[in-house]
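Here is target_11.csv, consisting of CSV, C-alpha atoms:
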chain,number,residue,atom,x,y,z
A,1,MET,CA,-48.1,-70.6,-45.6
A,2,LYS,CA,-50.2,-70.8,-42.5
A,3,ARG,CA,-47.6,-72.9,-40.6
A,4,LYS,CA,-44.9,-70.5,-41.6
A,5,GLY,CA,-46.9,-67.6,-40.1
A,6,GLU,CA,-47.5,-69.5,-36.9
A,7,ALA,CA,-43.8,-70.4,-36.4
A,8,ARG,CA,-42.8,-66.8,-37.2
A,9,GLU,CA,-45.2,-65.6,-34.6
A,10,ARG,CA,-43.8,-68.0,-32.0
A,11,ILE,CA,-40.3,-66.8,-32.8
A,12,LEU,CA,-41.4,-63.2,-32.2
A,13,GLU,CA,-43.1,-64.1,-29.0
A,14,ALA,CA,-40.1,-66.0,-27.6
A,15,GLY,CA,-37.8,-63.3,-28.9
A,16,ALA,CA,-39.8,-60.6,-27.2
A,17,ARG,CA,-39.4,-62.3,-23.9
A,18,ILE,CA,-35.7,-63.0,-24.3
A,19,VAL,CA,-34.7,-59.7,-25.8
A,20,HIS,CA,-36.7,-57.9,-23.1
A,21,ARG,CA,-34.6,-59.6,-20.4
A,22,GLN,CA,-31.2,-59.8,-22.1
A,23,GLY,CA,-31.1,-57.0,-24.6
A,24,PHE,CA,-31.0,-57.4,-28.4
A,25,GLN,CA,-27.3,-58.0,-29.0
A,26,ALA,CA,-26.9,-60.5,-26.2
A,27,ALA,CA,-30.0,-62.5,-27.1
A,28,GLY,CA,-29.0,-65.8,-28.8
A,29,LEU,CA,-30.9,-67.0,-31.8
A,30,ALA,CA,-30.5,-70.6,-30.8
A,31,ASP,CA,-32.1,-69.8,-27.4
A,32,ILE,CA,-35.0,-68.0,-29.0
A,33,LEU,CA,-35.6,-70.8,-31.5
A,34,GLU,CA,-35.5,-73.4,-28.8
A,35,GLN,CA,-38.1,-71.5,-26.7
A,36,ALA,CA,-40.2,-71.0,-29.8
A,37,GLN,CA,-40.0,-74.8,-30.5
A,38,VAL,CA,-38.8,-74.1,-34.0
A,39,PRO,CA,-36.0,-76.3,-35.5
A,40,LYS,CA,-32.6,-74.8,-35.1
A,41,GLY,CA,-31.2,-73.6,-38.4
A,42,SER,CA,-34.6,-72.6,-39.8
A,43,PHE,CA,-34.3,-69.0,-38.5
A,44,TYR,CA,-33.3,-67.7,-41.9
A,45,PHE,CA,-36.4,-69.2,-43.5
A,46,TYR,CA,-38.4,-66.7,-41.4
A,47,PHE,CA,-36.1,-63.6,-41.3
A,48,LYS,CA,-33.4,-62.5,-43.7
A,49,SER,CA,-31.1,-61.4,-40.8
A,50,LYS,CA,-31.0,-60.8,-37.1
A,51,GLU,CA,-31.5,-57.2,-37.9
A,52,GLU,CA,-34.7,-57.9,-39.8
A,53,PHE,CA,-35.8,-60.0,-36.9
A,54,GLY,CA,-35.1,-57.1,-34.5
A,55,LEU,CA,-37.1,-54.7,-36.6
A,56,ALA,CA,-40.0,-57.1,-36.7
A,57,LEU,CA,-39.7,-57.4,-33.0
A,58,ILE,CA,-40.2,-53.7,-32.5
A,59,ASP,CA,-43.3,-53.9,-34.7
A,60,HIS,CA,-44.4,-56.8,-32.5
A,61,TYR,CA,-44.0,-54.8,-29.2
A,62,ALA,CA,-45.5,-51.7,-30.9
A,63,GLY,CA,-48.6,-53.7,-31.9
A,64,LEU,CA,-49.0,-54.9,-28.4
A,65,PHE,CA,-48.6,-51.5,-26.8
A,66,LEU,CA,-50.8,-49.6,-29.3
A,67,SER,CA,-53.6,-52.1,-29.0
A,68,LYS,CA,-53.4,-51.9,-25.1
A,69,PHE,CA,-53.3,-48.1,-25.4
A,70,SER,CA,-56.4,-48.2,-27.6
A,71,GLU,CA,-58.1,-50.5,-25.2
A,72,PHE,CA,-57.5,-48.3,-22.2
A,73,SER,CA,-58.3,-45.1,-24.2
A,74,ASN,CA,-61.7,-46.4,-25.0
A,75,GLU,CA,-62.8,-47.2,-21.4
A,76,ALA,CA,-65.7,-44.8,-21.7
A,77,ASP,CA,-66.7,-44.8,-18.0
A,78,LEU,CA,-63.4,-43.4,-16.9
A,79,PRO,CA,-62.1,-39.8,-17.0
A,80,TYR,CA,-59.5,-39.4,-19.8
A,81,ALA,CA,-56.5,-38.7,-17.5
A,82,LYS,CA,-57.4,-41.9,-15.6
A,83,ARG,CA,-57.4,-43.9,-18.8
A,84,LEU,CA,-53.8,-42.7,-19.4
A,85,LYS,CA,-52.8,-43.6,-15.9
A,86,ARG,CA,-54.4,-47.1,-16.3
A,87,PHE,CA,-52.3,-47.7,-19.4
A,88,LEU,CA,-49.0,-46.6,-17.8
A,89,TRP,CA,-49.8,-48.6,-14.6
A,90,TRP,CA,-50.6,-51.7,-16.8
A,91,GLN,CA,-47.0,-51.4,-18.2
A,92,SER,CA,-45.3,-50.7,-14.9
A,93,GLY,CA,-47.4,-53.4,-13.1
A,94,ASP,CA,-45.9,-56.1,-15.3
A,95,PHE,CA,-42.5,-54.5,-14.7
A,96,ILE,CA,-42.9,-54.5,-10.9
A,97,ARG,CA,-44.2,-58.1,-10.9
A,98,ALA,CA,-41.1,-59.1,-12.8
A,99,GLY,CA,-38.9,-57.7,-10.0
A,100,TYR,CA,-38.1,-54.5,-11.9
A,101,ARG,CA,-36.4,-56.5,-14.6
A,102,GLY,CA,-37.0,-55.6,-18.3
A,103,GLY,CA,-38.7,-52.3,-18.2
A,104,CYS,CA,-39.8,-50.5,-21.4
A,105,PRO,CA,-38.8,-52.5,-24.5
A,106,PHE,CA,-38.6,-49.3,-26.6
A,107,GLY,CA,-36.5,-47.4,-24.0
A,108,ASN,CA,-34.2,-50.3,-23.7
A,109,LEU,CA,-33.8,-50.8,-27.4
A,110,ALA,CA,-33.3,-47.1,-27.9
A,111,LEU,CA,-30.4,-46.9,-25.5
A,112,GLU,CA,-28.9,-50.1,-26.8
A,113,MET,CA,-29.3,-49.7,-30.5
A,114,ALA,CA,-30.0,-46.0,-31.5
A,115,ASP,CA,-26.2,-45.2,-31.8
A,116,VAL,CA,-25.2,-48.3,-33.7
A,117,ASN,CA,-28.1,-49.2,-36.0
A,118,GLU,CA,-29.9,-46.6,-38.1
A,119,PRO,CA,-32.9,-48.7,-39.1
A,120,PHE,CA,-33.6,-49.5,-35.4
A,121,ARG,CA,-33.4,-45.8,-34.5
A,122,GLU,CA,-35.7,-44.9,-37.3
A,123,LYS,CA,-38.3,-47.5,-36.4
A,124,LEU,CA,-38.1,-46.6,-32.7
A,125,LYS,CA,-38.7,-43.0,-33.6
A,126,THR,CA,-41.8,-44.0,-35.5
A,127,VAL,CA,-43.1,-46.0,-32.5
A,128,PHE,CA,-42.5,-43.1,-30.1
A,129,ALA,CA,-44.3,-40.8,-32.5
A,130,ALA,CA,-47.3,-43.2,-32.7
A,131,LEU,CA,-47.5,-43.5,-28.9
A,132,LYS,CA,-47.2,-39.7,-28.6
A,133,ALA,CA,-50.0,-39.3,-31.2
A,134,GLY,CA,-52.3,-41.5,-29.1
A,135,LEU,CA,-51.4,-39.6,-26.0
A,136,VAL,CA,-52.1,-36.2,-27.7
A,137,GLY,CA,-55.6,-37.4,-28.6
A,138,LEU,CA,-56.3,-38.4,-25.0
A,139,LEU,CA,-55.0,-35.1,-23.6
A,140,GLU,CA,-57.0,-33.1,-26.0
A,141,SER,CA,-60.2,-35.0,-25.1
A,142,ALA,CA,-59.2,-34.4,-21.4
A,143,GLN,CA,-58.8,-30.7,-22.0
A,144,ALA,CA,-62.1,-30.5,-23.9
A,145,ALA,CA,-63.8,-32.2,-20.9
A,146,GLY,CA,-62.1,-29.7,-18.5
A,147,GLU,CA,-60.1,-32.4,-16.7
A,148,VAL,CA,-56.7,-31.1,-17.7
A,149,ARG,CA,-55.7,-27.4,-17.8
A,150,ALA,CA,-56.5,-25.9,-21.2
A,151,ASP,CA,-53.4,-23.8,-21.5
A,152,LEU,CA,-51.1,-26.7,-21.9
A,153,GLU,CA,-50.0,-27.5,-25.5
A,154,ALA,CA,-51.1,-31.1,-25.8
A,155,GLY,CA,-48.3,-32.1,-28.1
A,156,GLU,CA,-45.6,-30.8,-25.8
A,157,ALA,CA,-47.3,-32.2,-22.7
A,158,ALA,CA,-47.6,-35.7,-24.4
A,159,ASP,CA,-43.9,-35.6,-25.4
A,160,PHE,CA,-42.8,-34.6,-21.9
A,161,ILE,CA,-45.0,-37.1,-20.2
A,162,LEU,CA,-43.7,-40.0,-22.3
A,163,ASN,CA,-40.1,-38.9,-21.6
A,164,ALA,CA,-40.7,-38.5,-17.9
A,165,TRP,CA,-42.3,-41.9,-17.9
A,166,GLU,CA,-39.2,-43.5,-19.6
A,167,GLY,CA,-37.0,-41.9,-17.0
A,168,THR,CA,-39.3,-43.1,-14.2
A,169,LEU,CA,-39.1,-46.7,-15.4
A,170,LEU,CA,-35.3,-46.3,-15.5
A,171,GLU,CA,-35.1,-45.1,-11.9
A,172,MET,CA,-37.5,-47.9,-10.8
A,173,LYS,CA,-35.0,-50.4,-12.4
A,174,VAL,CA,-32.1,-48.9,-10.5
A,175,SER,CA,-33.9,-48.5,-7.2
A,176,ARG,CA,-36.1,-51.6,-7.4
A,177,SER,CA,-38.8,-49.5,-5.8
A,178,PRO,CA,-42.3,-48.3,-6.8
A,179,ALA,CA,-41.5,-44.8,-5.3
A,180,PRO,CA,-40.6,-43.1,-8.6
A,181,ARG,CA,-44.0,-44.1,-10.0
A,182,ARG,CA,-45.7,-42.4,-7.0
A,183,VAL,CA,-43.6,-39.3,-7.6
A,184,PHE,CA,-44.5,-39.4,-11.4
A,185,GLU,CA,-48.2,-39.6,-10.4
A,186,ARG,CA,-48.1,-36.6,-8.2
A,187,MET,CA,-46.0,-34.4,-10.5
A,188,VAL,CA,-47.8,-35.3,-13.7
A,189,PHE,CA,-51.4,-35.9,-12.6
A,190,GLU,CA,-51.7,-33.6,-9.6
A,191,ARG,CA,-49.4,-30.8,-10.8
A,192,LEU,CA,-48.6,-30.5,-14.5
A,193,LEU,CA,-52.0,-31.6,-15.9
A,194,ALA,CA,-54.3,-30.5,-13.0
A,195,ALA,CA,-57.0,-28.2,-14.3
B,1,MET,CA,3.3,-45.6,-7.1
B,2,LYS,CA,2.9,-42.2,-8.8
B,3,ARG,CA,3.2,-43.8,-12.2
B,4,LYS,CA,0.7,-46.5,-11.4
B,5,GLY,CA,-1.8,-43.8,-10.4
B,6,GLU,CA,-1.2,-42.0,-13.7
B,7,ALA,CA,-1.7,-45.0,-15.9
B,8,ARG,CA,-4.8,-46.0,-13.9
B,9,GLU,CA,-6.2,-42.5,-14.6
B,10,ARG,CA,-5.4,-42.8,-18.3
B,11,ILE,CA,-7.2,-46.2,-18.4
B,12,LEU,CA,-10.3,-44.6,-16.8
B,13,GLU,CA,-10.3,-41.7,-19.1
B,14,ALA,CA,-9.9,-43.8,-22.2
B,15,GLY,CA,-12.5,-46.2,-20.8
B,16,ALA,CA,-14.9,-43.4,-20.1
B,17,ARG,CA,-14.8,-42.3,-23.8
B,18,ILE,CA,-15.1,-45.9,-25.2
B,19,VAL,CA,-17.8,-47.2,-22.8
B,20,HIS,CA,-19.8,-44.0,-23.4
B,21,ARG,CA,-19.8,-44.8,-27.1
B,22,GLN,CA,-20.0,-48.6,-27.1
B,23,GLY,CA,-21.6,-49.6,-23.8
B,24,PHE,CA,-19.8,-51.5,-21.1
B,25,GLN,CA,-20.1,-55.1,-22.3
B,26,ALA,CA,-19.1,-54.3,-25.8
B,27,ALA,CA,-16.1,-52.2,-24.8
B,28,GLY,CA,-12.9,-54.1,-25.4
B,29,LEU,CA,-10.1,-53.9,-22.8
B,30,ALA,CA,-7.4,-54.1,-25.5
B,31,ASP,CA,-8.9,-51.1,-27.3
B,32,ILE,CA,-9.1,-49.2,-24.0
B,33,LEU,CA,-5.4,-50.0,-23.1
B,34,GLU,CA,-4.3,-49.0,-26.5
B,35,GLN,CA,-6.0,-45.6,-26.3
B,36,ALA,CA,-4.7,-45.2,-22.8
B,37,GLN,CA,-1.1,-46.0,-24.1
B,38,VAL,CA,-0.7,-48.6,-21.4
B,39,PRO,CA,1.0,-51.9,-22.3
B,40,LYS,CA,-1.4,-54.7,-23.3
B,41,GLY,CA,-1.7,-57.3,-20.6
B,42,SER,CA,-1.1,-54.9,-17.7
B,43,PHE,CA,-4.8,-54.2,-17.1
B,44,TYR,CA,-5.0,-56.6,-14.2
B,45,PHE,CA,-2.2,-54.7,-12.5
B,46,TYR,CA,-4.6,-51.8,-12.1
B,47,PHE,CA,-8.0,-53.5,-11.7
B,48,LYS,CA,-8.9,-56.9,-10.3
B,49,SER,CA,-11.5,-57.6,-13.0
B,50,LYS,CA,-13.5,-55.9,-15.7
B,51,GLU,CA,-16.3,-55.5,-13.2
B,52,GLU,CA,-14.0,-53.6,-10.7
B,53,PHE,CA,-12.9,-51.4,-13.6
B,54,GLY,CA,-16.6,-50.7,-14.5
B,55,LEU,CA,-17.4,-49.7,-10.9
B,56,ALA,CA,-14.3,-47.4,-10.9
B,57,LEU,CA,-15.6,-46.0,-14.1
B,58,ILE,CA,-18.9,-45.0,-12.6
B,59,ASP,CA,-17.0,-43.3,-9.8
B,60,HIS,CA,-15.0,-41.5,-12.4
B,61,TYR,CA,-18.1,-40.3,-14.3
B,62,ALA,CA,-19.7,-39.4,-10.9
B,63,GLY,CA,-16.7,-37.3,-9.8
B,64,LEU,CA,-16.9,-35.4,-13.1
B,65,PHE,CA,-20.6,-34.8,-12.9
B,66,LEU,CA,-20.7,-33.8,-9.2
B,67,SER,CA,-17.8,-31.4,-9.6
B,68,LYS,CA,-19.5,-29.8,-12.6
B,69,PHE,CA,-22.8,-29.6,-10.6
B,70,SER,CA,-21.0,-28.0,-7.7
B,71,GLU,CA,-19.4,-25.5,-10.1
B,72,PHE,CA,-22.7,-24.5,-11.7
B,73,SER,CA,-24.5,-24.5,-8.3
B,74,ASN,CA,-22.1,-21.9,-7.0
B,75,GLU,CA,-22.5,-19.3,-9.8
B,76,ALA,CA,-23.6,-16.7,-7.3
B,77,ASP,CA,-24.7,-14.1,-9.9
B,78,LEU,CA,-27.3,-16.4,-11.4
B,79,PRO,CA,-30.8,-17.3,-10.1
B,80,TYR,CA,-30.9,-20.8,-8.7
B,81,ALA,CA,-33.1,-22.3,-11.4
B,82,LYS,CA,-30.8,-20.9,-14.0
B,83,ARG,CA,-27.8,-22.7,-12.4
B,84,LEU,CA,-29.7,-26.0,-12.7
B,85,LYS,CA,-30.5,-25.3,-16.3
B,86,ARG,CA,-26.8,-24.4,-17.0
B,87,PHE,CA,-25.7,-27.7,-15.6
B,88,LEU,CA,-28.2,-29.7,-17.6
B,89,TRP,CA,-27.4,-27.7,-20.8
B,90,TRP,CA,-23.7,-28.3,-20.2
B,91,GLN,CA,-24.4,-32.1,-20.3
B,92,SER,CA,-26.7,-32.0,-23.3
B,93,GLY,CA,-24.5,-29.6,-25.1
B,94,ASP,CA,-21.7,-32.1,-25.3
B,95,PHE,CA,-24.3,-34.7,-26.3
B,96,ILE,CA,-25.6,-32.6,-29.1
B,97,ARG,CA,-22.1,-31.7,-30.4
B,98,ALA,CA,-21.4,-35.5,-30.4
B,99,GLY,CA,-24.3,-36.0,-32.9
B,100,TYR,CA,-26.6,-37.3,-30.2
B,101,ARG,CA,-24.3,-40.3,-29.5
B,102,GLY,CA,-23.5,-41.4,-26.0
B,103,GLY,CA,-26.0,-39.5,-23.9
B,104,CYS,CA,-26.1,-39.9,-20.1
B,105,PRO,CA,-23.4,-42.4,-18.9
B,106,PHE,CA,-25.5,-43.2,-15.8
B,107,GLY,CA,-28.7,-43.8,-17.7
B,108,ASN,CA,-26.9,-45.9,-20.3
B,109,LEU,CA,-25.2,-48.1,-17.7
B,110,ALA,CA,-28.4,-48.3,-15.7
B,111,LEU,CA,-30.3,-49.8,-18.7
B,112,GLU,CA,-27.4,-52.0,-19.8
B,113,MET,CA,-26.3,-53.3,-16.4
B,114,ALA,CA,-28.9,-52.9,-13.6
B,115,ASP,CA,-30.6,-56.2,-14.4
B,116,VAL,CA,-27.4,-58.3,-14.8
B,117,ASN,CA,-25.0,-56.9,-12.3
B,118,GLU,CA,-26.0,-56.1,-8.7
B,119,PRO,CA,-22.9,-54.1,-7.7
B,120,PHE,CA,-23.4,-51.8,-10.8
B,121,ARG,CA,-27.0,-51.3,-9.8
B,122,GLU,CA,-26.1,-50.4,-6.2
B,123,LYS,CA,-23.4,-48.0,-7.3
B,124,LEU,CA,-25.7,-46.3,-9.9
B,125,LYS,CA,-28.4,-46.0,-7.2
B,126,THR,CA,-25.9,-44.2,-5.0
B,127,VAL,CA,-24.9,-41.8,-7.8
B,128,PHE,CA,-28.5,-41.0,-8.7
B,129,ALA,CA,-29.0,-40.3,-5.0
B,130,ALA,CA,-26.0,-38.0,-4.8
B,131,LEU,CA,-27.2,-36.0,-7.9
B,132,LYS,CA,-30.7,-35.8,-6.5
B,133,ALA,CA,-29.3,-34.5,-3.1
B,134,GLY,CA,-27.5,-31.7,-4.9
B,135,LEU,CA,-30.6,-30.9,-6.9
B,136,VAL,CA,-32.7,-30.8,-3.7
B,137,GLY,CA,-30.4,-28.3,-2.2
B,138,LEU,CA,-30.6,-26.0,-5.2
B,139,LEU,CA,-34.4,-26.3,-5.4
B,140,GLU,CA,-34.7,-25.4,-1.7
B,141,SER,CA,-32.5,-22.4,-2.1
B,142,ALA,CA,-34.7,-21.4,-5.2
B,143,GLN,CA,-37.8,-21.8,-3.1
B,144,ALA,CA,-36.4,-19.7,-0.2
B,145,ALA,CA,-35.5,-17.0,-2.8
B,146,GLY,CA,-39.1,-17.1,-4.2
B,147,GLU,CA,-37.9,-18.3,-7.6
B,148,VAL,CA,-39.7,-21.7,-7.5
B,149,ARG,CA,-43.2,-22.3,-6.1
B,150,ALA,CA,-43.0,-23.0,-2.4
B,151,ASP,CA,-45.7,-25.8,-2.3
B,152,LEU,CA,-43.6,-28.3,-4.2
B,153,GLU,CA,-41.9,-30.9,-2.1
B,154,ALA,CA,-38.2,-30.4,-3.2
B,155,GLY,CA,-37.3,-34.1,-2.8
B,156,GLU,CA,-40.1,-35.2,-5.1
B,157,ALA,CA,-39.5,-32.4,-7.6
B,158,ALA,CA,-35.7,-33.2,-7.7
B,159,ASP,CA,-36.5,-36.9,-8.3
B,160,PHE,CA,-39.0,-36.2,-11.0
B,161,ILE,CA,-36.8,-33.6,-12.8
B,162,LEU,CA,-33.8,-36.1,-12.9
B,163,ASN,CA,-36.1,-38.8,-14.3
B,164,ALA,CA,-37.7,-36.5,-16.9
B,165,TRP,CA,-34.2,-35.4,-17.9
B,166,GLU,CA,-33.0,-39.0,-18.4
B,167,GLY,CA,-36.1,-39.6,-20.6
B,168,THR,CA,-35.5,-36.4,-22.5
B,169,LEU,CA,-31.9,-37.4,-23.3
B,170,LEU,CA,-33.3,-40.8,-24.5
B,171,GLU,CA,-35.7,-39.1,-26.9
B,172,MET,CA,-33.0,-36.8,-28.2
B,173,LYS,CA,-30.9,-39.9,-29.0
B,174,VAL,CA,-33.8,-41.4,-30.9
B,175,SER,CA,-34.9,-38.3,-32.7
B,176,ARG,CA,-31.4,-36.7,-33.1
B,177,SER,CA,-33.1,-33.4,-32.4
B,178,PRO,CA,-32.8,-30.7,-29.7
B,179,ALA,CA,-36.7,-30.4,-29.6
B,180,PRO,CA,-37.2,-32.6,-26.5
B,181,ARG,CA,-34.8,-30.3,-24.6
B,182,ARG,CA,-37.0,-27.3,-25.5
B,183,VAL,CA,-40.1,-29.2,-24.4
B,184,PHE,CA,-38.3,-30.1,-21.1
B,185,GLU,CA,-37.4,-26.5,-20.6
B,186,ARG,CA,-40.9,-25.3,-21.0
B,187,MET,CA,-42.6,-28.0,-18.9
B,188,VAL,CA,-40.1,-28.0,-16.1
B,189,PHE,CA,-38.9,-24.4,-15.8
B,190,GLU,CA,-42.0,-22.5,-17.1
B,191,ARG,CA,-44.7,-24.9,-15.7
B,192,LEU,CA,-43.7,-27.2,-12.9
B,193,LEU,CA,-41.3,-25.0,-11.0
B,194,ALA,CA,-42.7,-21.5,-11.9
B,195,ALA,CA,-43.5,-19.5,-8.8

Rewrite the coordinates I just gave you, this time as structure tokens.
Amino acid sequence: MKRKGEARERILEAGARIVHRQGFQAAGLADILEQAQVPKGSFYFYFKSKEEFGLALIDHYAGLFLSKFSEFSNEADLPYAKRLKRFLWWQSGDFIRAGYRGGCPFGNLALEMADVNEPFREKLKTVFAALKAGLVGLLESAQAAGEVRADLEAGEAADFILNAWEGTLLEMKVSRSPAPRRVFERMVFERLLAA
Amino acid sequence: MKRKGEARERILEAGARIVHRQGFQAAGLADILEQAQVPKGSFYFYFKSKEEFGLALIDHYAGLFLSKFSEFSNEADLPYAKRLKRFLWWQSGDFIRAGYRGGCPFGNLALEMADVNEPFREKLKTVFAALKAGLVGLLESAQAAGEVRADLEAGEAADFILNAWEGTLLEMKVSRSPAPRRVFERMVFERLLAA
């Protein structure tokens, strides 16, 4: 079963790249299998359906993001707010280097799939909730350390920051400019959160 | 030419509804023409290509949004910040009543099309700039009236508020809940802008 696991992983990695660029519905399985170097026709050995593959893909992206979030969250020599910023700048750095193509895989899939596929919507909701929970923890630590104003409700602030971030990535995609990120930085870190 | 103009308008109105629900690439011309009650096969009499139709559709949405924005902006008996809120709640009210399907036509088209179609991206950029310009004017009036803190740069605040709003609509789509709008309200109107 080891080889099966490896090929499945390669399909998810190739799929993550292709779906990120083309969207889920437009992404072709033949293309993904070719890039994964897995024989054509063997897709259904690894996934019951394209939908099951898509849901596994969200888990794949979520695993990557949550592990990066945890990595940045634990940078003990940095102020808490700075750890959050580093995480967001990690994501947007890749996006900028890709010429503002792609963007947030969760935001993209949400807009593409939430209306038409209920299991996608449910899974994306879970992922946003997990990211938000991580962010709440970081904001509460930042408040306890006096870095962030204490009278903000951390749950609401986390929710709002994630949403503002999704919109910021969207405007960066349309404008192909880093300016929206600078505006986000000033509004969130220098205004909203400032102690 | 009057009849031509009327049929073109009906195509845009039917197209606006269908593209808003299904996305641009998935929307079928036959379906749009049928709903517009325009004979099948006559599409290319009104538009050179599906792309030209899509660009006209963005103008159609933009005309609707900018005229609504202007209407709310001029409600002279309301505080300026309240006029902005009325405009945003008008948009999200329709979205909520539609069961959180659809959302912002500009945000949806941006995520669907900005990477793959340069004229779409350019036109969407222009629309976001026009909405932002309207919002800047409202915020500056609100600042002059002492309703909004004077030390905010209105251009940056307008940009950030539009982006946070796009992200808020996105989370409402995923969660099918009005909660993100309440969070937006508290963070933007009670925190960021509060004088």

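Among the candidates A:Phe24, A:Tyr80, A:Phe53, A:Phe43, the residue lying nearest to chain B is A:Phe24 (atoms considered: only C-alpha atoms).
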
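Take the candidates B:Ile32, B:Cys104, B:Ile96, B:Ala133 and check each one against chain A using all atoms listed in the file; the shortest distance goes to B:Cys104.
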
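Comparing B:Pro79, B:Gly63, B:Gly93, B:Gly102 by their smallest distance to B:Gly146, the closest is B:Pro79 (using all atoms listed in the file).
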
Atom CA of A:Ile58 to atom CA of A:Ala114 measures 12.8 Å

Counting all atoms listed in the file, which residues from chain A have an atom at most 8 Å from any atom of chain B, and could you show them as an mmCIF file with C-alpha atoms, in the frame of the given file?
data_model
loop_
_atom_site.group_PDB
_atom_site.id
_atom_site.type_symbol
_atom_site.label_atom_id
_atom_site.label_comp_id
_atom_site.auth_asym_id
_atom_site.auth_seq_id
_atom_site.Cartn_x
_atom_site.Cartn_y
_atom_site.Cartn_z
ATOM 1 C CA ARG A 21 -34.600 -59.600 -20.400
ATOM 2 C CA GLY A 23 -31.100 -57.000 -24.600
ATOM 3 C CA ARG A 101 -36.400 -56.500 -14.600
ATOM 4 C CA GLY A 102 -37.000 -55.600 -18.300
ATOM 5 C CA GLY A 107 -36.500 -47.400 -24.000
ATOM 6 C CA ASN A 108 -34.200 -50.300 -23.700
ATOM 7 C CA ALA A 110 -33.300 -47.100 -27.900
ATOM 8 C CA LEU A 111 -30.400 -46.900 -25.500
ATOM 9 C CA GLU A 112 -28.900 -50.100 -26.800
ATOM 10 C CA ALA A 114 -30.000 -46.000 -31.500
ATOM 11 C CA ASP A 115 -26.200 -45.200 -31.800
ATOM 12 C CA ARG A 121 -33.400 -45.800 -34.500
ATOM 13 C CA GLU A 122 -35.700 -44.900 -37.300
ATOM 14 C CA LEU A 124 -38.100 -46.600 -32.700
ATOM 15 C CA LYS A 125 -38.700 -43.000 -33.600
ATOM 16 C CA GLU A 156 -45.600 -30.800 -25.800
ATOM 17 C CA ALA A 157 -47.300 -32.200 -22.700
ATOM 18 C CA ASP A 159 -43.900 -35.600 -25.400
ATOM 19 C CA PHE A 160 -42.800 -34.600 -21.900
ATOM 20 C CA LEU A 162 -43.700 -40.000 -22.300
ATOM 21 C CA ASN A 163 -40.100 -38.900 -21.600
ATOM 22 C CA ALA A 164 -40.700 -38.500 -17.900
ATOM 23 C CA TRP A 165 -42.300 -41.900 -17.900
ATOM 24 C CA GLU A 166 -39.200 -43.500 -19.600
ATOM 25 C CA GLY A 167 -37.000 -41.900 -17.000
ATOM 26 C CA THR A 168 -39.300 -43.100 -14.200
ATOM 27 C CA LEU A 170 -35.300 -46.300 -15.500
ATOM 28 C CA GLU A 171 -35.100 -45.100 -11.900
ATOM 29 C CA LYS A 173 -35.000 -50.400 -12.400
ATOM 30 C CA VAL A 174 -32.100 -48.900 -10.500
ATOM 31 C CA SER A 175 -33.900 -48.500 -7.200
ATOM 32 C CA PRO A 180 -40.600 -43.100 -8.600
ATOM 33 C CA VAL A 183 -43.600 -39.300 -7.600
ATOM 34 C CA PHE A 184 -44.500 -39.400 -11.400
ATOM 35 C CA MET A 187 -46.000 -34.400 -10.500
ATOM 36 C CA ARG A 191 -49.400 -30.800 -10.800
ATOM 37 C CA LEU A 192 -48.600 -30.500 -14.500
#

Show me, as a count of residues only, the residues that have an atom within 12 Å of B:Gly15 when counting all atoms listed in the file, minus same-chain residues fewer than 2 positions from it.
39

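Taking atom CA of A:Ala142 as the reference point, atom CA of B:Glu190 is found at 21.4 Å.
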
Distance query stretch 66-70 of chain A at most 8 Å, all atoms listed in the file, self and fewer than 2 positions along chain excluded, as a PDB file with C-alpha atoms, in the frame of the given file:
ATOM      1  CA  ALA A  62     -45.500 -51.700 -30.900  1.00  0.00           C
ATOM      2  CA  GLY A  63     -48.600 -53.700 -31.900  1.00  0.00           C
ATOM      3  CA  LEU A  64     -49.000 -54.900 -28.400  1.00  0.00           C
ATOM      4  CA  PHE A  72     -57.500 -48.300 -22.200  1.00  0.00           C
ATOM      5  CA  SER A  73     -58.300 -45.100 -24.200  1.00  0.00           C
ATOM      6  CA  ASN A  74     -61.700 -46.400 -25.000  1.00  0.00           C
ATOM      7  CA  PHE A  87     -52.300 -47.700 -19.400  1.00  0.00           C
ATOM      8  CA  LEU A 131     -47.500 -43.500 -28.900  1.00  0.00           C
ATOM      9  CA  GLY A 134     -52.300 -41.500 -29.100  1.00  0.00           C
TER      10      GLY A 134
END

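Taking atom CA of A:Gly137 and atom CA of B:Ser177 as the two end points, the separation is 23.2 Å.
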
Residues at most 8 Å from B:Ala194, counting only C-alpha atoms, excluding those fewer than 4 positions away in the same chain, as a short mmCIF file (atom, residue, chain, number, x, y, z; two decimals) with C-alpha atoms, in the coordinates of the input?
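Writing done, so here's result_17.cif:
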data_model
loop_
_atom_site.label_atom_id
_atom_site.label_comp_id
_atom_site.auth_asym_id
_atom_site.auth_seq_id
_atom_site.Cartn_x
_atom_site.Cartn_y
_atom_site.Cartn_z
CA GLU B 147 -37.90 -18.30 -7.60
CA VAL B 148 -39.70 -21.70 -7.50
CA ARG B 149 -43.20 -22.30 -6.10
CA PHE B 189 -38.90 -24.40 -15.80
CA GLU B 190 -42.00 -22.50 -17.10
#

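Ranking B:Ala14, B:Ala145, B:Ala150, B:Leu138 by their shortest atom-to-atom distance to B:Arg83, with only C-alpha atoms included, puts B:Leu138 first.
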